[in-house]
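Engineer: The structure file model-v1.cif (mmCIF, C-alpha atoms) is provided below.
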data_query
#
loop_
_atom_site.group_PDB
_atom_site.id
_atom_site.type_symbol
_atom_site.label_atom_id
_atom_site.label_comp_id
_atom_site.auth_asym_id
_atom_site.auth_seq_id
_atom_site.Cartn_x
_atom_site.Cartn_y
_atom_site.Cartn_z
ATOM 1 C CA LEU A 600 -45.807 -29.310 256.419
ATOM 2 C CA ARG A 601 -46.405 -32.891 257.520
ATOM 3 C CA LEU A 602 -48.799 -35.215 255.720
ATOM 4 C CA THR A 603 -50.224 -38.164 257.709
ATOM 5 C CA ASP A 604 -51.942 -41.131 256.097
ATOM 6 C CA THR A 605 -55.271 -41.364 257.973
ATOM 7 C CA ASN A 606 -56.516 -44.458 256.081
ATOM 8 C CA HIS A 607 -53.682 -46.718 257.170
ATOM 9 C CA PRO A 608 -52.152 -47.678 260.499
ATOM 10 C CA PRO A 609 -49.044 -45.858 261.704
ATOM 11 C CA GLU A 610 -45.703 -46.933 260.313
ATOM 12 C CA THR A 611 -43.926 -49.633 262.234
ATOM 13 C CA ALA A 612 -40.685 -48.765 263.937
ATOM 14 C CA GLY A 613 -37.828 -48.464 261.487
ATOM 15 C CA ALA A 614 -40.013 -48.321 258.375
ATOM 16 C CA PRO A 615 -38.772 -45.719 255.867
ATOM 17 C CA VAL A 616 -40.868 -42.605 255.464
ATOM 18 C CA SER A 617 -40.658 -42.949 251.674
ATOM 19 C CA ASN A 618 -42.944 -46.020 251.816
ATOM 20 C CA ARG A 619 -45.840 -44.060 253.288
ATOM 21 C CA ARG A 620 -48.942 -43.994 251.081
ATOM 22 C CA VAL A 621 -51.057 -40.865 250.778
ATOM 23 C CA SER A 622 -54.771 -41.139 250.047
ATOM 24 C CA ALA A 623 -56.096 -38.876 247.318
ATOM 25 C CA THR A 624 -59.591 -39.167 248.826
ATOM 26 C CA PRO A 625 -59.233 -39.548 252.607
ATOM 27 C CA ASN A 626 -62.889 -40.418 253.323
ATOM 28 C CA SER A 627 -63.445 -43.063 250.643
ATOM 29 C CA GLY A 628 -61.573 -45.868 249.010
ATOM 30 C CA GLU A 629 -62.239 -44.490 245.529
ATOM 31 C CA GLY A 630 -59.269 -42.690 244.085
ATOM 32 C CA GLN A 631 -56.880 -44.167 246.657
ATOM 33 C CA MET A 632 -53.335 -44.446 245.358
ATOM 34 C CA GLN A 633 -51.748 -47.879 245.181
ATOM 35 C CA PRO A 634 -48.466 -48.678 246.930
ATOM 36 C CA GLY A 635 -45.508 -47.518 244.909
ATOM 37 C CA ALA A 636 -47.588 -45.321 242.593
ATOM 38 C CA PRO A 637 -46.088 -41.860 241.971
ATOM 39 C CA VAL A 638 -47.696 -38.946 243.783
ATOM 40 C CA SER A 639 -48.668 -36.181 241.356
ATOM 41 C CA ALA A 640 -49.292 -32.632 242.452
ATOM 42 C CA ALA A 641 -52.856 -31.405 242.174
ATOM 43 C CA PRO A 642 -53.322 -28.736 239.492
ATOM 44 C CA SER A 643 -53.223 -25.303 241.030
ATOM 45 C CA THR A 644 -56.061 -22.958 240.210
ATOM 46 C CA LEU A 645 -56.358 -19.315 241.069
ATOM 47 C CA PRO A 646 -59.389 -18.228 243.084
ATOM 48 C CA ALA A 647 -61.868 -15.969 241.335
ATOM 49 C CA VAL A 648 -60.969 -12.361 242.146
ATOM 50 C CA SER A 649 -62.495 -9.159 240.867
ATOM 51 C CA LEU A 650 -61.984 -5.516 241.777
ATOM 52 C CA ALA A 651 -64.426 -2.950 240.486
ATOM 53 C CA ALA A 652 -62.265 0.054 241.382
ATOM 54 C CA LEU A 653 -59.367 1.160 243.547
ATOM 55 C CA VAL A 654 -59.479 4.945 243.864
ATOM 56 C CA LEU A 655 -57.068 7.270 245.682
ATOM 57 C CA GLU A 656 -57.726 10.976 246.201
ATOM 58 C CA HIS A 657 -55.000 13.310 247.476
ATOM 59 C CA ALA A 658 -53.237 10.530 249.377
ATOM 60 C CA SER A 659 -49.823 10.954 251.005
ATOM 61 C CA LEU A 660 -47.125 8.327 251.557
ATOM 62 C CA ARG A 661 -43.920 8.757 253.513
ATOM 63 C CA PHE A 662 -40.959 6.384 253.349
ATOM 64 C CA ILE A 663 -38.198 6.537 255.966
ATOM 65 C CA ASP A 664 -35.028 4.441 255.818
ATOM 66 C CA GLN A 665 -33.756 4.256 259.381
ATOM 67 C CA SER A 666 -30.964 1.842 258.492
ATOM 68 C CA ILE A 667 -28.752 4.740 257.444
ATOM 69 C CA GLN A 668 -27.595 7.845 259.286
ATOM 70 C CA PRO A 669 -28.794 10.444 258.751
ATOM 71 C CA ASN A 670 -32.130 8.847 257.889
ATOM 72 C CA CYS A 671 -33.289 9.005 254.294
ATOM 73 C CA PHE A 672 -36.915 9.932 253.735
ATOM 74 C CA PHE A 673 -39.129 10.506 250.728
ATOM 75 C CA GLU A 674 -42.687 11.740 250.608
ATOM 76 C CA VAL A 675 -45.322 11.251 247.931
ATOM 77 C CA GLN A 676 -48.004 13.948 248.010
ATOM 78 C CA ASP A 677 -51.320 14.551 246.263
ATOM 79 C CA LEU A 678 -51.466 10.983 244.965
ATOM 80 C CA SER A 679 -54.702 10.625 243.007
ATOM 81 C CA GLY A 680 -55.912 8.118 240.468
ATOM 82 C CA SER A 681 -57.548 4.753 239.964
ATOM 83 C CA ILE A 682 -57.354 1.163 238.768
ATOM 84 C CA ARG A 683 -60.663 -0.171 237.500
ATOM 85 C CA ASP A 684 -62.235 -3.466 236.448
ATOM 86 C CA LEU A 685 -59.568 -5.995 237.471
ATOM 87 C CA SER A 686 -60.611 -9.632 237.218
ATOM 88 C CA THR A 687 -59.200 -13.148 236.970
ATOM 89 C CA GLU A 688 -62.135 -13.999 234.709
ATOM 90 C CA LYS A 689 -61.318 -11.418 232.046
ATOM 91 C CA LEU A 690 -58.456 -11.342 229.584
ATOM 92 C CA ALA A 691 -58.908 -7.599 229.047
ATOM 93 C CA THR A 692 -56.539 -5.207 230.793
ATOM 94 C CA ALA A 693 -57.723 -2.638 233.318
ATOM 95 C CA PRO A 694 -57.123 1.100 232.855
ATOM 96 C CA VAL A 695 -54.609 2.642 235.252
ATOM 97 C CA GLU A 696 -54.020 6.325 235.890
ATOM 98 C CA PHE A 697 -52.192 7.918 238.811
ATOM 99 C CA LYS A 698 -50.623 11.324 239.333
ATOM 100 C CA GLY A 699 -48.833 12.940 242.233
ATOM 101 C CA ARG A 700 -45.776 14.803 243.497
ATOM 102 C CA VAL A 701 -42.548 13.626 245.104
ATOM 103 C CA ASP A 702 -41.638 17.097 246.345
ATOM 104 C CA GLU A 703 -42.857 20.615 245.737
ATOM 105 C CA ALA A 704 -41.331 20.849 242.254
ATOM 106 C CA SER A 705 -41.440 17.231 241.074
ATOM 107 C CA SER A 706 -44.468 15.564 239.502
ATOM 108 C CA PHE A 707 -44.976 11.981 238.366
ATOM 109 C CA SER A 708 -47.577 10.036 236.421
ATOM 110 C CA ILE A 709 -48.424 6.400 235.744
ATOM 111 C CA ALA A 710 -50.825 5.627 232.913
ATOM 112 C CA GLY A 711 -51.760 2.655 230.799
ATOM 113 C CA ARG A 712 -53.367 -0.729 231.245
ATOM 114 C CA ILE A 713 -52.560 -3.721 233.443
ATOM 115 C CA ASN A 714 -53.939 -7.055 234.593
ATOM 116 C CA PRO A 715 -51.761 -8.916 237.122
ATOM 117 C CA LEU A 716 -54.441 -11.491 238.000
ATOM 118 C CA PRO A 717 -54.410 -14.010 235.108
ATOM 119 C CA ARG A 718 -51.723 -16.675 234.897
ATOM 120 C CA GLU A 719 -49.745 -14.532 232.449
ATOM 121 C CA LEU A 720 -49.143 -10.963 233.525
ATOM 122 C CA MET A 721 -50.274 -8.269 231.081
ATOM 123 C CA VAL A 722 -48.801 -4.768 231.331
ATOM 124 C CA ASP A 723 -48.688 -1.698 229.126
ATOM 125 C CA LEU A 724 -47.584 1.266 231.236
ATOM 126 C CA ALA A 725 -45.957 4.647 230.740
ATOM 127 C CA ILE A 726 -44.231 6.131 233.799
ATOM 128 C CA GLY A 727 -43.007 9.710 233.930
ATOM 129 C CA LEU A 728 -41.124 11.719 236.554
ATOM 130 C CA LYS A 729 -40.048 15.346 236.215
ATOM 131 C CA ASN A 730 -37.392 17.348 238.086
ATOM 132 C CA MET A 731 -36.943 15.216 241.195
ATOM 133 C CA ASP A 732 -34.347 16.727 243.546
ATOM 134 C CA LEU A 733 -31.530 14.189 243.951
ATOM 135 C CA THR A 734 -30.042 15.711 247.095
ATOM 136 C CA ALA A 735 -32.511 13.579 249.101
ATOM 137 C CA PHE A 736 -30.231 10.624 248.220
ATOM 138 C CA THR A 737 -27.166 12.252 249.825
ATOM 139 C CA PRO A 738 -27.037 9.800 252.787
ATOM 140 C CA TYR A 739 -26.736 6.869 250.371
ATOM 141 C CA MET A 740 -24.264 8.593 248.067
ATOM 142 C CA GLU A 741 -22.074 9.795 250.911
ATOM 143 C CA LYS A 742 -21.966 6.384 252.615
ATOM 144 C CA PHE A 743 -21.404 4.181 249.561
ATOM 145 C CA GLY A 744 -19.898 6.653 247.081
ATOM 146 C CA GLY A 745 -17.885 8.833 249.438
ATOM 147 C CA TYR A 746 -19.386 12.074 248.119
ATOM 148 C CA PRO A 747 -22.465 14.064 249.164
ATOM 149 C CA LEU A 748 -24.737 15.337 246.414
ATOM 150 C CA GLY A 749 -24.459 19.078 246.036
ATOM 151 C CA LYS A 750 -27.281 19.337 243.498
ATOM 152 C CA GLY A 751 -28.981 17.497 240.684
ATOM 153 C CA LYS A 752 -32.374 16.866 239.114
ATOM 154 C CA LEU A 753 -33.783 13.604 237.785
ATOM 155 C CA SER A 754 -36.409 13.114 235.074
ATOM 156 C CA VAL A 755 -37.425 9.760 233.602
ATOM 157 C CA ASN A 756 -39.700 8.467 230.866
ATOM 158 C CA LEU A 757 -40.258 4.724 231.143
ATOM 159 C CA GLY A 758 -42.371 2.446 228.993
ATOM 160 C CA TYR A 759 -43.074 -1.172 229.966
ATOM 161 C CA GLN A 760 -44.935 -3.796 227.974
ATOM 162 C CA ILE A 761 -45.387 -7.403 229.113
ATOM 163 C CA ASN A 762 -47.415 -9.793 226.961
ATOM 164 C CA GLN A 763 -47.286 -13.607 227.163
ATOM 165 C CA MET A 764 -44.239 -13.325 229.477
ATOM 166 C CA ALA A 765 -42.313 -11.245 226.932
ATOM 167 C CA LEU A 766 -40.867 -7.966 228.263
ATOM 168 C CA LYS A 767 -40.141 -4.904 226.176
ATOM 169 C CA SER A 768 -39.206 -1.633 227.822
ATOM 170 C CA SER A 769 -37.711 1.758 227.115
ATOM 171 C CA ASN A 770 -35.892 3.691 229.837
ATOM 172 C CA VAL A 771 -35.029 7.292 229.026
ATOM 173 C CA ILE A 772 -33.295 8.970 231.954
ATOM 174 C CA HIS A 773 -32.271 12.634 232.266
ATOM 175 C CA VAL A 774 -29.950 13.767 235.060
ATOM 176 C CA ASP A 775 -29.353 17.515 235.059
ATOM 177 C CA GLN A 776 -26.464 19.351 236.768
ATOM 178 C CA LEU A 777 -25.408 16.469 238.993
ATOM 179 C CA THR A 778 -22.756 17.920 241.303
ATOM 180 C CA LEU A 779 -20.711 16.176 243.989
ATOM 181 C CA GLY A 780 -19.452 17.737 247.203
ATOM 182 C CA SER A 781 -16.156 17.124 248.981
ATOM 183 C CA PHE A 782 -14.889 13.581 249.450
ATOM 184 C CA HIS A 783 -15.656 11.948 252.799
ATOM 185 C CA ALA A 784 -13.732 8.746 253.455
ATOM 186 C CA GLY A 785 -15.744 5.974 255.085
ATOM 187 C CA PRO A 786 -15.545 2.209 255.637
ATOM 188 C CA ASP A 787 -18.363 1.520 253.141
ATOM 189 C CA ALA A 788 -17.257 3.978 250.444
ATOM 190 C CA THR A 789 -16.301 2.478 247.093
ATOM 191 C CA LYS A 790 -12.749 2.699 245.763
ATOM 192 C CA LEU A 791 -14.004 3.307 242.240
ATOM 193 C CA PRO A 792 -13.374 6.721 240.605
ATOM 194 C CA VAL A 793 -16.801 8.211 241.305
ATOM 195 C CA ARG A 794 -16.081 11.811 240.298
ATOM 196 C CA PRO A 795 -14.744 10.940 236.792
ATOM 197 C CA GLY A 796 -17.604 8.464 236.427
ATOM 198 C CA VAL A 797 -20.097 11.282 236.968
ATOM 199 C CA ALA A 798 -18.261 13.780 234.746
ATOM 200 C CA LEU A 799 -17.625 11.482 231.756
ATOM 201 C CA PRO A 800 -21.213 10.962 230.502
ATOM 202 C CA LYS A 801 -22.171 14.658 230.836
ATOM 203 C CA ASP A 802 -22.773 16.692 227.698
ATOM 204 C CA ARG A 803 -21.645 20.289 227.231
ATOM 205 C CA ASN A 804 -24.705 21.518 229.146
ATOM 206 C CA GLY A 805 -24.072 19.343 232.202
ATOM 207 C CA ARG A 806 -26.773 16.774 231.390
ATOM 208 C CA ILE A 807 -26.611 12.989 231.485
ATOM 209 C CA ALA A 808 -29.275 11.450 229.250
ATOM 210 C CA PRO A 809 -28.928 7.694 228.636
ATOM 211 C CA ASP A 810 -31.542 5.673 226.746
ATOM 212 C CA VAL A 811 -31.610 2.028 227.898
ATOM 213 C CA PRO A 812 -33.961 -0.304 225.969
ATOM 214 C CA VAL A 813 -34.497 -3.719 227.597
ATOM 215 C CA ALA A 814 -36.121 -6.836 226.115
ATOM 216 C CA GLY A 815 -36.457 -10.489 227.079
ATOM 217 C CA ARG A 816 -38.706 -13.049 228.700
ATOM 218 C CA LEU A 817 -39.649 -13.017 232.381
ATOM 219 C CA ALA A 818 -38.962 -16.750 232.704
ATOM 220 C CA ASP A 819 -35.460 -16.314 231.255
ATOM 221 C CA PRO A 820 -32.886 -14.538 233.438
ATOM 222 C CA ARG A 821 -30.899 -13.526 230.347
ATOM 223 C CA VAL A 822 -32.773 -10.283 229.735
ATOM 224 C CA LYS A 823 -31.115 -8.287 226.962
ATOM 225 C CA ALA A 824 -30.237 -4.610 227.330
ATOM 226 C CA ALA A 825 -29.440 -2.806 224.104
ATOM 227 C CA PRO A 826 -26.386 -0.529 223.996
ATOM 228 C CA ILE A 827 -26.911 2.596 226.088
ATOM 229 C CA ARG A 828 -27.517 5.606 223.846
ATOM 230 C CA ARG A 829 -26.753 9.152 224.890
ATOM 231 C CA GLN A 830 -28.127 12.309 223.405
ATOM 232 C CA GLY A 831 -26.017 13.410 220.461
ATOM 233 C CA GLY A 832 -25.717 9.876 219.086
ATOM 234 C CA VAL A 833 -22.956 8.625 221.398
ATOM 235 C CA THR A 834 -23.270 4.935 222.232
ATOM 236 C CA LEU A 835 -21.866 3.447 225.453
#
Please lay out the structure from this file as structure tokens.
Structural biologist:
Amino acid sequence: LRLTDTNHPPETAGAPVSNRRVSATPNSGEGQMQPGAPVSAAPSTLPAVSLAALVLEHASLRFIDQSIQPNCFFEVQDLSGSIRDLSTEKLATAPVEFKGRVDEASSFSIAGRINPLPRELMVDLAIGLKNMDLTAFTPYMEKFGGYPLGKGKLSVNLGYQINQMALKSSNVIHVDQLTLGSFHAGPDATKLPVRPGVALPKDRNGRIAPDVPVAGRLADPRVKAAPIRRQGGVTL
């Protein structure tokens, strides 16, 4: 982006660019900055935006990752729900409710309140996913982990609250009967002990169920994660 001073003649040859003066009001002398005066950025203001309602009924979304072979694809079906009454002028949060399916046996839901339009994001959401088949991730697991996924189901219960830039979240994850296939060596496969890493956190019923609370401030990269808790009271 190049700014040109239209109220003054062009710079003479060899004059430093830093000496250029920028007019705050190009078409009048009033408000013109004096030589050597610091240039302050104009205060940024958000445009007025309002959304009465965003409604989806039985929508379908398909995601295909063609960067990996075989391709990985996921499909969201029967996506229905709404976000209503979003506005930059209001401090109130807007109700959110969506439901759908990731595959024939897996359902998900998003419910709560949100307002991303003011200067400070406001969020209070609960996100749930039940019985998602993990074998769809086999291309990733086989390439980077060295093992295909024989079977496994994923369920999650997530809660996210953001108020005045402060984040508080709960992340309860259930992985049931995660099973690896035979090892396939590859140039991108990790050297870490993947199979023991999968077996170690399982309980006697073959379930992995960590609880990962997270808290912090969005402006601070040092977000704190509490110790991971497993079912049965074991802390990792």
Engineer: Write out as a Markdown table a residue-level contact list of region 753-780 of chain A versus region 714-726 of chain A with cut-off 10 Å: for each qualifying residue the closest pair of atoms and the distance in Å to one decimal, counting all atoms listed in the file, rows sorted by chain and residue number upward.
Structural biologist:
| residue | atom | partner | partner_atom | distance |
| --- | --- | --- | --- | --- |
| A:Val755 | CA | A:Ile726 | CA | 7.7 |
| A:Asn756 | CA | A:Ile726 | CA | 5.9 |
| A:Leu757 | CA | A:Ile726 | CA | 5.0 |
| A:Gly758 | CA | A:Ala725 | CA | 4.6 |
| A:Tyr759 | CA | A:Leu724 | CA | 5.3 |
| A:Gln760 | CA | A:Asp723 | CA | 4.5 |
| A:Ile761 | CA | A:Val722 | CA | 4.8 |
| A:Asn762 | CA | A:Met721 | CA | 5.2 |
| A:Gln763 | CA | A:Glu719 | CA | 5.9 |
| A:Met764 | CA | A:Glu719 | CA | 6.4 |
| A:Ala765 | CA | A:Met721 | CA | 9.5 |
| A:Leu766 | CA | A:Val722 | CA | 9.1 |
| A:Lys767 | CA | A:Asp723 | CA | 9.6 |
| A:Ser768 | CA | A:Leu724 | CA | 9.5 |
| A:Ser769 | CA | A:Ala725 | CA | 9.5 |
| A:Asn770 | CA | A:Ile726 | CA | 9.5 |
Engineer: Counting all atoms listed in the file, which residue out of A:Gly727, A:Ala710, A:Arg806, A:Pro795 sits closest to Lys752 (chain A)?
Structural biologist: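 Closest candidate: A:Arg806.
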Engineer: Step by step, work through what the PyMOL selection byres ((chain A and resi 707) around 9) selects in the shown file, and finish by giving those residues as a VMD selection string.
Structural biologist: chain A and resid 697 to 701 705 to 706 708 to 709 726 to 729
Engineer: Using the chain letters and numbers from the file, give me the residues hit by the PyMOL selection byres ((chain A and resi 694-696) around 6), as a list in words.
Structural biologist: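 Selection result, ordered by chain and number: Gly680, Ser681, Ile682, Arg683, Ala693, Phe697, Ile709, Ala710, Gly711 and Arg712 of chain A.
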Engineer: Running the PyMOL selection byres ((chain A and resi 659-664) around 12) on this model by hand, what would come out? Give it as a VMD selection string.
Structural biologist: chain A and resid 655 to 658 665 to 679 698 to 702 735 to 736 738 to 739
Engineer: Which distance in Å separates CA of Gly751 (chain A) and CA of Pro812 (chain A), to one decimal?
Structural biologist: 23.6 Å
Engineer: Let me make sure I understand: among A:Ala818, A:Ala788, A:Val648, A:Asp775, which one has the smallest atom-to-atom distance to Arg803 (chain A) if we use all atoms listed in the file?
Structural biologist: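 So, comparing all the options, the nearest one is A:Asp775.
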Engineer: Using all atoms listed in the file, pick whichever of A:Ser754, A:Ser649, A:Thr734, A:Thr789 has the shortest atom-to-atom distance to Thr687 (chain A).
Structural biologist: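 Of A:Ser754, A:Ser649, A:Thr734, A:Thr789, the one nearest Thr687 (chain A) is A:Ser649, counting all atoms listed in the file.
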Engineer: Rounded to one decimal place, report the CA of Ala652 (chain A)-CA of Ser686 (chain A) distance in Å.
Structural biologist: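 Going from CA of Ala652 (chain A) over to CA of Ser686 (chain A) covers 10.7 Å.
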Engineer: So how many Å separate CA of Arg794 (chain A) and CA of Met740 (chain A), to one decimal?
Structural biologist: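 Computed distance, CA of Arg794 (chain A) to CA of Met740 (chain A), equals 11.7 Å.
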Engineer: Using only C-alpha atoms, pick whichever of A:Thr737, A:Asp819, A:Ser781, A:Gln776 has the shortest atom-to-atom distance to Asn804 (chain A).
Structural biologist: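 Among A:Thr737, A:Asp819, A:Ser781, A:Gln776, it is A:Gln776 that comes nearest to Asn804 (chain A).
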Engineer: Which is closer to Ala647 (chain A) than all the others in A:Lys689, A:Thr778, A:Asp684, A:Asp732, using all atoms listed in the file?
Structural biologist: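 The answer is A:Lys689, which sits nearest to Ala647 (chain A).
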Engineer: Between A:Leu779, A:Ala704, A:Pro786, A:Ala814, single out the one closest to Ala798 (chain A), counting all atoms listed in the file.
Structural biologist: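 The shortest atom-to-atom distance to Ala798 (chain A) comes from A:Leu779.
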